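The data block below is model_15.cif; it holds mmCIF, C-alpha atoms.
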```
data_upload
loop_
_atom_site.label_atom_id
_atom_site.label_comp_id
_atom_site.auth_asym_id
_atom_site.auth_seq_id
_atom_site.Cartn_x
_atom_site.Cartn_y
_atom_site.Cartn_z
CA MET A 26 -26.12 27.28 -14.90
CA ALA A 27 -24.24 30.38 -13.72
CA LEU A 28 -26.20 30.29 -10.45
CA LEU A 29 -25.26 26.64 -9.89
CA ASP A 30 -21.58 27.38 -10.54
CA ASP A 31 -21.74 30.32 -8.13
CA LEU A 32 -23.29 28.12 -5.42
CA LYS A 33 -20.61 25.45 -5.97
CA ARG A 34 -17.89 28.09 -5.65
CA LYS A 35 -19.40 29.47 -2.43
CA TYR A 36 -19.71 25.96 -1.00
CA SER A 37 -16.07 25.16 -1.79
CA LEU A 38 -14.95 28.36 -0.02
CA ALA A 39 -17.22 27.87 3.00
CA SER A 40 -15.99 26.59 6.36
CA MET A 41 -17.04 23.14 7.57
CA SER A 42 -19.62 24.60 9.97
CA GLU A 43 -21.14 26.66 7.14
CA ARG A 44 -21.26 23.56 4.94
CA LEU A 45 -23.02 21.52 7.62
CA ILE A 46 -25.58 24.28 8.16
CA ALA A 47 -26.13 24.50 4.38
CA ILE A 48 -26.67 20.72 4.13
CA ASN A 49 -29.21 20.82 6.98
CA LEU A 50 -31.12 23.68 5.35
CA ILE A 51 -31.09 22.08 1.88
CA ILE A 52 -32.43 18.78 3.25
CA PHE A 53 -35.10 20.68 5.20
CA VAL A 54 -36.30 22.58 2.10
CA CYS A 55 -36.17 19.51 -0.18
CA TYR A 56 -38.04 17.37 2.36
CA HIS A 57 -40.91 19.84 2.65
CA LEU A 58 -41.14 20.38 -1.11
CA ILE A 59 -41.32 16.62 -1.72
CA ASN A 60 -43.62 16.00 1.24
CA THR A 61 -46.03 18.75 0.13
CA SER A 62 -46.12 17.31 -3.40
CA LEU A 63 -46.87 13.82 -2.06
CA ARG A 64 -49.67 15.15 0.13
CA LEU A 65 -51.24 17.12 -2.74
CA PHE A 66 -51.44 13.98 -4.86
CA GLN A 67 -52.47 11.84 -1.86
CA VAL A 68 -49.47 9.51 -2.22
CA LYS A 69 -49.63 7.67 1.10
CA ALA A 70 -47.59 4.62 0.16
CA PHE A 71 -44.29 6.53 0.48
CA ASP A 72 -43.33 8.35 3.69
CA LEU A 73 -40.04 10.21 3.34
CA ASN A 74 -39.88 10.70 7.10
CA THR A 75 -39.31 7.00 7.74
CA TRP A 76 -36.43 6.92 5.26
CA LEU A 77 -34.49 9.77 6.90
CA ALA A 78 -35.33 9.53 10.62
CA PHE A 79 -33.58 7.05 12.94
CA PRO A 80 -36.02 4.22 13.80
CA GLN A 81 -36.83 3.09 17.31
CA GLU A 82 -36.84 -0.57 16.29
CA VAL A 83 -33.39 -2.12 15.75
CA SER A 84 -34.81 -4.52 13.15
CA GLU A 85 -35.82 -1.52 11.05
CA LEU A 86 -32.32 -0.06 11.37
CA LEU A 87 -30.88 -3.17 9.68
CA ILE A 88 -32.96 -2.32 6.60
CA LYS A 89 -32.06 1.40 6.70
CA PRO A 90 -28.55 1.68 8.19
CA TRP A 91 -27.93 5.13 6.65
CA THR A 92 -30.45 6.62 9.11
CA LEU A 93 -27.72 6.35 11.76
CA PHE A 94 -26.24 9.44 10.04
CA SER A 95 -29.11 10.95 8.04
CA TYR A 96 -31.32 11.68 11.05
CA ALA A 97 -28.77 14.25 12.30
CA PHE A 98 -29.41 16.35 9.16
CA PHE A 99 -33.19 15.96 9.15
CA HIS A 100 -35.65 18.38 10.78
CA GLU A 101 -39.40 18.69 10.34
CA GLY A 102 -40.30 21.88 12.23
CA LEU A 103 -39.09 25.36 11.25
CA TRP A 104 -38.29 26.41 14.82
CA HIS A 105 -36.53 23.08 15.40
CA ILE A 106 -34.01 23.66 12.62
CA LEU A 107 -33.60 27.41 13.29
CA LEU A 108 -32.79 26.95 16.98
CA ASN A 109 -30.50 24.00 16.27
CA MET A 110 -28.54 25.89 13.61
CA ILE A 111 -28.16 28.97 15.84
CA VAL A 112 -26.77 26.87 18.71
CA PHE A 113 -24.55 24.94 16.28
CA HIS A 114 -23.14 28.13 14.75
CA PHE A 115 -22.41 29.47 18.24
CA SER A 116 -20.71 26.24 19.40
CA ALA A 117 -18.81 25.63 16.14
CA ARG A 118 -17.27 29.11 16.35
CA PHE A 119 -15.47 28.19 19.57
CA PHE A 120 -14.76 24.64 18.39
CA SER A 121 -12.99 26.02 15.30
CA THR A 122 -10.72 28.10 17.55
CA TYR A 123 -9.01 24.91 18.68
CA PHE A 124 -9.67 22.34 15.97
CA SER A 125 -9.86 21.85 12.20
CA GLY A 126 -12.99 21.58 10.08
CA LYS A 127 -12.28 17.90 9.49
CA ARG A 128 -12.41 17.23 13.21
CA LEU A 129 -15.66 19.21 13.45
CA LEU A 130 -17.23 16.87 10.90
CA THR A 131 -15.95 13.82 12.80
CA VAL A 132 -17.38 15.03 16.12
CA TYR A 133 -20.69 16.02 14.49
CA LEU A 134 -21.20 12.60 12.88
CA LEU A 135 -19.94 10.47 15.78
CA GLY A 136 -21.89 12.60 18.26
CA GLY A 137 -25.00 11.89 16.22
CA VAL A 138 -24.24 8.16 16.23
CA CYS A 139 -23.75 8.09 20.01
CA GLY A 140 -26.99 10.03 20.45
CA ALA A 141 -28.84 7.44 18.37
CA VAL A 142 -27.29 4.58 20.36
CA LEU A 143 -28.39 6.04 23.71
CA PHE A 144 -31.85 6.72 22.23
CA SER A 145 -32.18 3.01 21.34
CA LEU A 146 -30.85 1.88 24.72
CA ALA A 147 -33.28 4.14 26.58
CA TYR A 148 -36.27 2.69 24.73
CA GLY A 149 -35.04 -0.84 25.36
CA VAL A 150 -34.11 -0.46 29.04
CA PHE A 151 -36.46 1.98 30.80
CA PRO A 152 -40.09 0.93 31.56
CA LEU A 153 -41.07 4.59 31.08
CA PHE A 154 -41.09 4.05 27.31
CA GLU A 155 -43.18 0.86 27.30
CA SER A 156 -46.43 2.82 27.01
CA ILE A 157 -45.13 4.98 24.16
CA SER A 158 -45.88 3.99 20.59
CA ALA A 159 -43.07 3.61 18.06
CA ASN A 160 -41.21 6.88 17.66
CA ASN A 161 -38.47 7.99 15.28
CA LEU A 162 -35.50 10.21 16.08
CA ARG A 163 -34.70 13.29 14.01
CA GLY A 164 -32.68 16.47 14.42
CA ALA A 165 -29.07 17.59 14.87
CA SER A 166 -29.30 18.24 18.62
CA GLY A 167 -27.23 15.21 19.66
CA ALA A 168 -24.48 16.10 17.17
CA ILE A 169 -24.54 19.75 18.30
CA MET A 170 -24.27 18.76 21.96
CA ALA A 171 -21.18 16.72 21.06
CA VAL A 172 -19.57 19.79 19.46
CA MET A 173 -20.49 21.93 22.47
CA PHE A 174 -19.09 19.48 25.02
CA VAL A 175 -15.81 19.00 23.17
CA VAL A 176 -15.24 22.71 23.82
CA VAL A 177 -16.29 22.29 27.48
CA GLY A 178 -13.93 19.35 28.00
CA TYR A 179 -10.98 20.82 26.09
CA ALA A 180 -11.19 24.42 27.38
CA PRO A 181 -13.15 24.29 30.68
CA HIS A 182 -12.14 27.84 31.64
CA LEU A 183 -13.35 29.43 28.41
CA LYS A 184 -15.50 32.51 28.97
CA VAL A 185 -17.93 34.07 26.48
CA ARG A 186 -19.78 37.37 26.44
CA LEU A 187 -23.57 37.22 26.12
CA PHE A 188 -26.17 39.97 25.77
CA PHE A 189 -27.70 41.02 29.12
CA LEU A 190 -25.56 38.49 31.02
CA GLY A 191 -22.08 39.83 30.36
CA GLU A 192 -19.12 37.45 30.64
CA ILE A 193 -20.03 33.88 31.56
CA SER A 194 -18.23 30.52 31.55
CA PHE A 195 -19.03 28.45 28.48
CA TRP A 196 -19.61 25.35 30.59
CA TRP A 197 -22.52 27.12 32.36
CA ILE A 198 -24.28 27.40 29.00
CA ALA A 199 -23.60 23.72 28.26
CA LEU A 200 -24.83 22.75 31.74
CA PHE A 201 -28.07 24.65 31.11
CA PHE A 202 -28.78 22.53 28.01
CA VAL A 203 -28.02 19.28 29.86
CA MET A 204 -30.25 20.18 32.81
CA GLN A 205 -33.03 21.16 30.43
CA ASP A 206 -32.86 17.68 28.87
CA ILE A 207 -32.78 15.88 32.22
CA ILE A 208 -35.74 17.88 33.58
CA SER A 209 -37.72 17.29 30.36
CA ILE A 210 -37.46 13.47 30.42
CA PRO A 211 -40.38 12.83 32.86
CA THR A 212 -42.67 15.17 30.88
CA MET A 213 -42.56 12.68 27.97
CA GLU A 214 -42.61 15.55 25.45
CA ASN A 215 -39.35 14.50 23.79
CA SER A 216 -37.90 11.89 26.13
CA GLY A 217 -36.19 9.85 23.43
CA GLY A 218 -34.71 12.98 21.91
CA ASN A 219 -33.48 14.10 25.34
CA PHE A 220 -31.49 10.87 25.68
CA ALA A 221 -30.00 11.44 22.22
CA HIS A 222 -28.87 14.91 23.32
CA LEU A 223 -27.26 13.46 26.45
CA GLY A 224 -25.55 10.75 24.38
CA GLY A 225 -24.00 13.37 22.12
CA ALA A 226 -22.88 15.45 25.12
CA LEU A 227 -21.29 12.41 26.79
CA PHE A 228 -19.38 11.51 23.64
CA GLY A 229 -18.13 15.07 23.15
CA TYR A 230 -16.86 15.34 26.71
CA ILE A 231 -15.08 11.96 26.63
CA TYR A 232 -13.61 12.82 23.21
CA ALA A 233 -12.11 16.05 24.57
CA LEU A 234 -10.67 14.46 27.72
CA GLN A 235 -9.04 11.69 25.68
CA LEU A 236 -7.67 14.22 23.22
CA LYS A 237 -5.99 16.12 26.06
CA LYS A 238 -4.33 12.83 27.04
CA GLY A 239 -3.06 12.38 23.49
CA ASN A 240 -5.67 9.79 22.43
CA ASP A 241 -7.75 10.63 19.37
CA ILE A 242 -10.73 8.27 19.64
CA GLY A 243 -12.10 9.57 16.35
CA ALA A 244 -8.96 8.91 14.28
CA TRP A 245 -10.30 5.61 12.91
CA PHE A 246 -13.44 7.37 11.69
CA GLU A 247 -11.44 10.10 9.94
CA LYS A 248 -9.39 7.43 8.15
CA TRP A 249 -12.59 5.66 7.13
CA MET A 250 -14.00 8.92 5.73
CA ASP A 251 -10.76 9.60 3.84
CA SER A 252 -10.81 6.15 2.26
CA LEU A 253 -14.49 6.59 1.36
CA VAL A 254 -13.83 9.95 -0.32
CA SER A 255 -10.79 8.64 -2.21
CA PHE A 256 -12.82 5.62 -3.39
CA PHE A 257 -15.49 7.79 -5.02
CA LYS A 258 -13.10 10.50 -6.19
CA PRO A 259 -12.24 10.15 -9.91
CA LYS A 260 -8.58 9.32 -10.40
CA LYS A 261 -6.60 11.57 -12.73
CA LYS A 262 -3.96 10.10 -14.98
CA SER A 263 -0.62 11.77 -14.53
CA PRO A 264 2.52 11.45 -16.66
CA LEU A 265 5.32 9.27 -15.32
CA LYS A 266 7.94 11.13 -13.35
CA THR A 267 11.41 10.14 -12.23
CA VAL A 268 11.84 10.72 -8.52
CA HIS A 269 15.24 10.77 -6.85
CA LYS A 270 15.13 10.09 -3.12
CA THR A 271 17.44 12.12 -0.92
CA HIS A 272 17.58 10.73 2.60
CA LYS A 273 19.35 13.81 3.89
CA THR A 274 16.51 16.10 2.89
CA SER A 275 13.87 13.86 4.46
CA LYS A 276 15.82 13.77 7.71
CA ASN A 277 16.09 17.56 7.76
CA THR A 278 12.40 17.88 6.96
CA SER A 279 11.38 15.49 9.73
CA ARG A 280 13.61 17.38 12.19
CA SER A 281 12.08 20.73 11.22
CA SER A 282 8.52 19.37 11.43
CA ARG A 283 9.23 17.98 14.89
CA ALA A 284 10.63 21.34 15.95
CA GLU A 285 7.57 23.22 14.69
CA ARG A 286 5.11 20.81 16.31
CA PRO A 287 3.68 22.39 19.50
CA ASN A 288 3.87 20.38 22.72
CA GLN A 289 1.06 19.96 25.24
CA LYS A 290 2.59 22.44 27.73
CA GLU A 291 2.52 25.21 25.12
CA ILE A 292 -1.10 24.39 24.24
CA ASP A 293 -2.15 24.38 27.91
CA ALA A 294 -0.48 27.76 28.44
CA ILE A 295 -2.30 29.19 25.41
CA LEU A 296 -5.65 27.79 26.63
CA ASP A 297 -5.08 29.37 30.05
CA LYS A 298 -4.36 32.69 28.39
CA ILE A 299 -7.61 32.43 26.37
CA SER A 300 -9.64 31.66 29.49
CA LYS A 301 -8.18 34.69 31.30
CA SER A 302 -7.91 37.30 28.54
CA GLY A 303 -9.84 35.94 25.55
CA TYR A 304 -8.78 34.68 22.12
CA GLU A 305 -7.91 38.17 20.82
CA SER A 306 -5.12 38.50 23.41
CA LEU A 307 -3.07 35.79 21.64
CA THR A 308 -0.08 36.70 19.51
CA LYS A 309 0.11 35.61 15.88
CA LYS A 310 2.61 32.89 16.84
CA GLU A 311 0.29 31.55 19.57
CA LYS A 312 -2.68 31.50 17.18
CA ASP A 313 -0.59 29.58 14.62
CA LEU A 314 0.49 27.04 17.26
CA LEU A 315 -3.14 26.54 18.32
CA PHE A 316 -4.21 26.09 14.71
CA LYS A 317 -1.46 23.50 14.08
CA ALA A 318 -2.41 21.62 17.25
CA GLY A 319 -6.02 21.45 16.12
CA LYS A 320 -5.01 19.92 12.78
CA GLU A 321 -3.01 17.08 14.37
#
```
So, in terms of structure tokens, how does the structure I just supplied come out?
Amino acid sequence: MALLDDLKRKYSLASMSERLIAINLIIFVCYHLINTSLRLFQVKAFDLNTWLAFPQEVSELLIKPWTLFSYAFFHEGLWHILLNMIVFHFSARFFSTYFSGKRLLTVYLLGGVCGAVLFSLAYGVFPLFESISANNLRGASGAIMAVMFVVVGYAPHLKVRLFFLGEISFWWIALFFVMQDIISIPTMENSGGNFAHLGGALFGYIYALQLKKGNDIGAWFEKWMDSLVSFFKPKKKSPLKTVHKTHKTSKNTSRSSRAERPNQKEIDAILDKISKSGYESLTKKEKDLLFKAGKE
């Protein structure tokens, strides 16, 4: 019981990227424990894979709509999940420099959805896939590509330091992953998955460009998630309180909040400074402004 409480405490203190990695690892371990047990007892009637992976057939999706999200947390191979989580940790670090954990979750989930949509379209449109038997989609790669390309679109001049390569533009790393997917399509090794990766990347890039224009295309999804959480959250009864409204105070508060809110010119100047001198060169005030901008 003490161990469970300790794990709950650590989870509550963890960042959103750490929570997403933990969920992926827990599902991976649980899947293999259950799958091994089913195999030992020769239970062939139930295949857990088909209940978590995103199906190729749209008719099957209507029966299992949750797979639109669950597939992005489901991995079968050990190297598959390890490589995905390493790339995600790397990308989420830079993402969190500009945005909140809530926005990271939004991009992760919507990136996964867009990856699944392009996967389905590819199988329905291109004759290349006619000779391939029914295949399911699994893995967080599409969601991770979305996170990576939000950073590329929002801070195109961002530079990172890598072992043996020195300082390199972040978008070069992202371009490497995209080219790898494009080149791999004709090999038929993971063609459907490659399209899912490209779908996530496309969503992430469009999301970032729209955000720079002041349009948050994921706002509706965040509101939906908030309403979903509040629906399942137990409501606490609170004693009745008398509240006296003071219009003067609210006006002063709104004025001060408007004054503290960073404008786009300030954000652009900070991003330029990061691209030239790195994140550590920012002053405390600049870091606070960037953090506030990411939360909006």
- Query: If we count all atoms listed in the file, what is near A:Glu311 at a cut-off of 8 Å, once residues fewer than 4 positions away on the same chain are taken out, given as a VMD selection string?
  - Reply: chain A and resid 295 307 315
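Once the PyMOL selection byres ((chain A and resi 175) around 9) is applied to the depicted file, the selected set reads A:Phe120, A:Val132, A:Met170, A:Ala171, A:Val172, A:Met173, A:Phe174, A:Val176, A:Val177, A:Gly178, A:Tyr179, A:Ala180, A:Ala226, A:Phe228, A:Gly229, A:Tyr230, A:Ile231, A:Tyr232, A:Ala233, A:Leu234.
Remark: for A:Phe94, the closest of the candidate residues A:Val185, A:Met204, A:Val68, A:Ala168 is A:Ala168 (distances computed over all atoms listed in the file).
Atom CA of A:Ser166 is positioned 9.0 Å from atom CA of A:Val112.
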- Item | the PyMOL selection byres ((chain A and resi 141-157) around 6) applied to the shown file, residues as a PyMOL selection string | chain A and resi 138-140+158+217+220-221+224
Residues of stretch 116-196 of chain A that approach stretch 46-62 of chain A to 12 Å or less, counting all atoms listed in the file: could you list each one with the shortest pair of atoms and its distance in Å to one decimal, rows by chain and increasing residue number, as CSV?
```
residue,atom,partner,partner_atom,distance
A:Ala117,CA,A:Ile46,CA,10.6
A:Leu130,CA,A:Ile46,CA,11.5
A:Tyr133,CA,A:Ile46,CA,11.5
A:Arg163,CA,A:Phe53,CA,11.5
A:Gly164,CA,A:Asn49,CA,9.3
A:Ala165,CA,A:Asn49,CA,8.5
A:Ser166,CA,A:Asn49,CA,11.9
A:Ile169,CA,A:Ile46,CA,11.2
```
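Separating atom CA of A:Ser95 from atom CA of A:Lys260 is a distance of 27.6 Å.
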- Message: Counting all atoms listed in the file, I want the residues whose atoms come within 12 Å of (-6.7, 31.5, 26.6) in the file frame, returned as a PyMOL selection string.
- Response: chain A and resi 119+122-123+179-185+291-308+311-312+315
Could you rebuild stretch 108-121 of chain A with N, CA and C atoms and give me the result as a short mmCIF file (atom, residue, chain, number, x, y, z; two decimals), in the frame of the given file?
```
data_model
loop_
_atom_site.label_atom_id
_atom_site.label_comp_id
_atom_site.auth_asym_id
_atom_site.auth_seq_id
_atom_site.Cartn_x
_atom_site.Cartn_y
_atom_site.Cartn_z
N LEU A 108 -33.45 26.95 15.67
CA LEU A 108 -32.79 26.95 16.98
C LEU A 108 -31.55 26.07 16.98
N ASN A 109 -31.65 24.91 16.34
CA ASN A 109 -30.50 24.00 16.27
C ASN A 109 -29.33 24.63 15.53
N MET A 110 -29.61 25.30 14.41
CA MET A 110 -28.54 25.89 13.61
C MET A 110 -27.91 27.10 14.30
N ILE A 111 -28.70 27.83 15.07
CA ILE A 111 -28.16 28.97 15.84
C ILE A 111 -27.20 28.46 16.91
N VAL A 112 -27.62 27.45 17.66
CA VAL A 112 -26.77 26.87 18.71
C VAL A 112 -25.52 26.22 18.10
N PHE A 113 -25.69 25.57 16.95
CA PHE A 113 -24.55 24.94 16.28
C PHE A 113 -23.54 25.98 15.82
N HIS A 114 -24.03 27.06 15.21
CA HIS A 114 -23.14 28.13 14.75
C HIS A 114 -22.36 28.71 15.92
N PHE A 115 -23.03 28.92 17.03
CA PHE A 115 -22.41 29.47 18.24
C PHE A 115 -21.33 28.52 18.78
N SER A 116 -21.65 27.23 18.87
CA SER A 116 -20.71 26.24 19.40
C SER A 116 -19.55 25.98 18.45
N ALA A 117 -19.85 25.92 17.14
CA ALA A 117 -18.81 25.63 16.14
C ALA A 117 -17.78 26.75 16.05
N ARG A 118 -18.20 27.98 16.35
CA ARG A 118 -17.27 29.11 16.35
C ARG A 118 -16.14 28.88 17.34
N PHE A 119 -16.49 28.44 18.54
CA PHE A 119 -15.47 28.19 19.57
C PHE A 119 -14.71 26.90 19.29
N PHE A 120 -15.41 25.91 18.77
CA PHE A 120 -14.76 24.64 18.39
C PHE A 120 -13.65 24.90 17.37
N SER A 121 -13.93 25.74 16.39
CA SER A 121 -12.99 26.02 15.30
C SER A 121 -11.78 26.82 15.77
#
```
